[in-house]
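Student: Please read through the structure below; I'll follow up with questions.
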Amino acid sequence: SSPVAWYGPAKLIDQEAVDVFPRSLERLPVLLPTGHSALRASLDHWFHAQGLQVRVVGEFEDSALMSVFAARGLGVFPVSRLGADDLGLMPGLLLLGCCEGVNEDIYAIRNRRSQHHPLVQKLAREAPRSQ
């Protein structure tokens, strides 16, 4: 489970937007996962709990594609803190704020053949196990 944060292009993220987050989401164009994703349900609940009415300008099934649209200046978007590590590959994206109480659950399934792969071994060592 990884906490969720909001990122956006430098042209949309100014100090005021950061200072008044999450209220700034009401004035910014918002990119979101599609309605059938678990993260979207959590975000919709969080919006309601915060009393926010956001302007959704795009919905995506692919989080990588959503980040590309954000990097092109089209909106701000949520991403798990684990996924945020990859955002360094897209210059110009800045942290807007953290989405307190919203987490994205990430699952890994491995088989015997793949258990010797170095990345699978590292994940297995570092990830908490659920029974």
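Every chain in the structure tokens has a letter given in the order shown (A, B, ...), and although residue numbers restart at 1 in each chain, ligands are simply numbered from 1 in the order shown.
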Considering only C-alpha atoms, return as a PDB file with N, CA and C atoms, in the first residue's frame whatever protein or nucleic-acid residues lie within 12 Å of A:Val20, sequence-local ones (same chain, fewer than 6 positions apart) excluded.
Tutor:
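The file below, result-v1.pdb, is the result:
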ATOM      1  N   ILE A  13       1.554  24.629 -11.359  1.00  0.00           N
ATOM      2  CA  ILE A  13       1.847  24.530  -9.928  1.00  0.00           C
ATOM      3  C   ILE A  13       2.637  25.751  -9.485  1.00  0.00           C
ATOM      4  N   ASP A  14       1.973  26.646  -8.782  1.00  0.00           N
ATOM      5  CA  ASP A  14       2.661  27.794  -8.192  1.00  0.00           C
ATOM      6  C   ASP A  14       2.598  27.658  -6.662  1.00  0.00           C
ATOM      7  N   GLU A  26      -9.707  22.580  -7.060  1.00  0.00           N
ATOM      8  CA  GLU A  26     -10.955  23.089  -7.627  1.00  0.00           C
ATOM      9  C   GLU A  26     -10.707  24.067  -8.779  1.00  0.00           C
ATOM     10  N   ARG A  27      -9.544  24.672  -8.831  1.00  0.00           N
ATOM     11  CA  ARG A  27      -9.266  25.637  -9.903  1.00  0.00           C
ATOM     12  C   ARG A  27      -8.328  25.081 -10.974  1.00  0.00           C
ATOM     13  N   LEU A  96       2.397  18.783  -5.961  1.00  0.00           N
ATOM     14  CA  LEU A  96       1.365  19.730  -5.552  1.00  0.00           C
ATOM     15  C   LEU A  96       0.996  19.513  -4.093  1.00  0.00           C
ATOM     16  N   GLY A  97       0.787  18.267  -3.710  1.00  0.00           N
ATOM     17  CA  GLY A  97       0.440  17.971  -2.323  1.00  0.00           C
ATOM     18  C   GLY A  97       0.158  16.494  -2.134  1.00  0.00           C
ATOM     19  N   CYS A  98       0.044  16.093  -0.870  1.00  0.00           N
ATOM     20  CA  CYS A  98      -0.219  14.696  -0.525  1.00  0.00           C
ATOM     21  C   CYS A  98      -1.696  14.510  -0.216  1.00  0.00           C
TER      22      CYS A  98
END
Student: Would you please give, as a ChimeraX atom specification, all residues of stretch 17-128 of chain A that DSSP assigns to helix (DSSP H, G or I) based on the backbone?
Tutor: /A:17-19,23-26,38-50,63-71,81-89,113-116,118-126
Student: Which neighbours of stretch 42-46 of chain A fall inside 12 Å, counting only C-alpha atoms, when residues of the same chain fewer than 4 positions from it are skipped, and could you give them as a PyMOL selection string?
Tutor: chain A and resi 3-6+22+30-38+50-54+56+77-80+98-105
Student: Between A:Lys11, A:Arg40, A:Gly83, A:Ala49, single out the one closest to A:Ala64, counting only C-alpha atoms.
Tutor: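 When distances to A:Ala64 are compared using only C-alpha atoms, the smallest one comes from A:Gly83.
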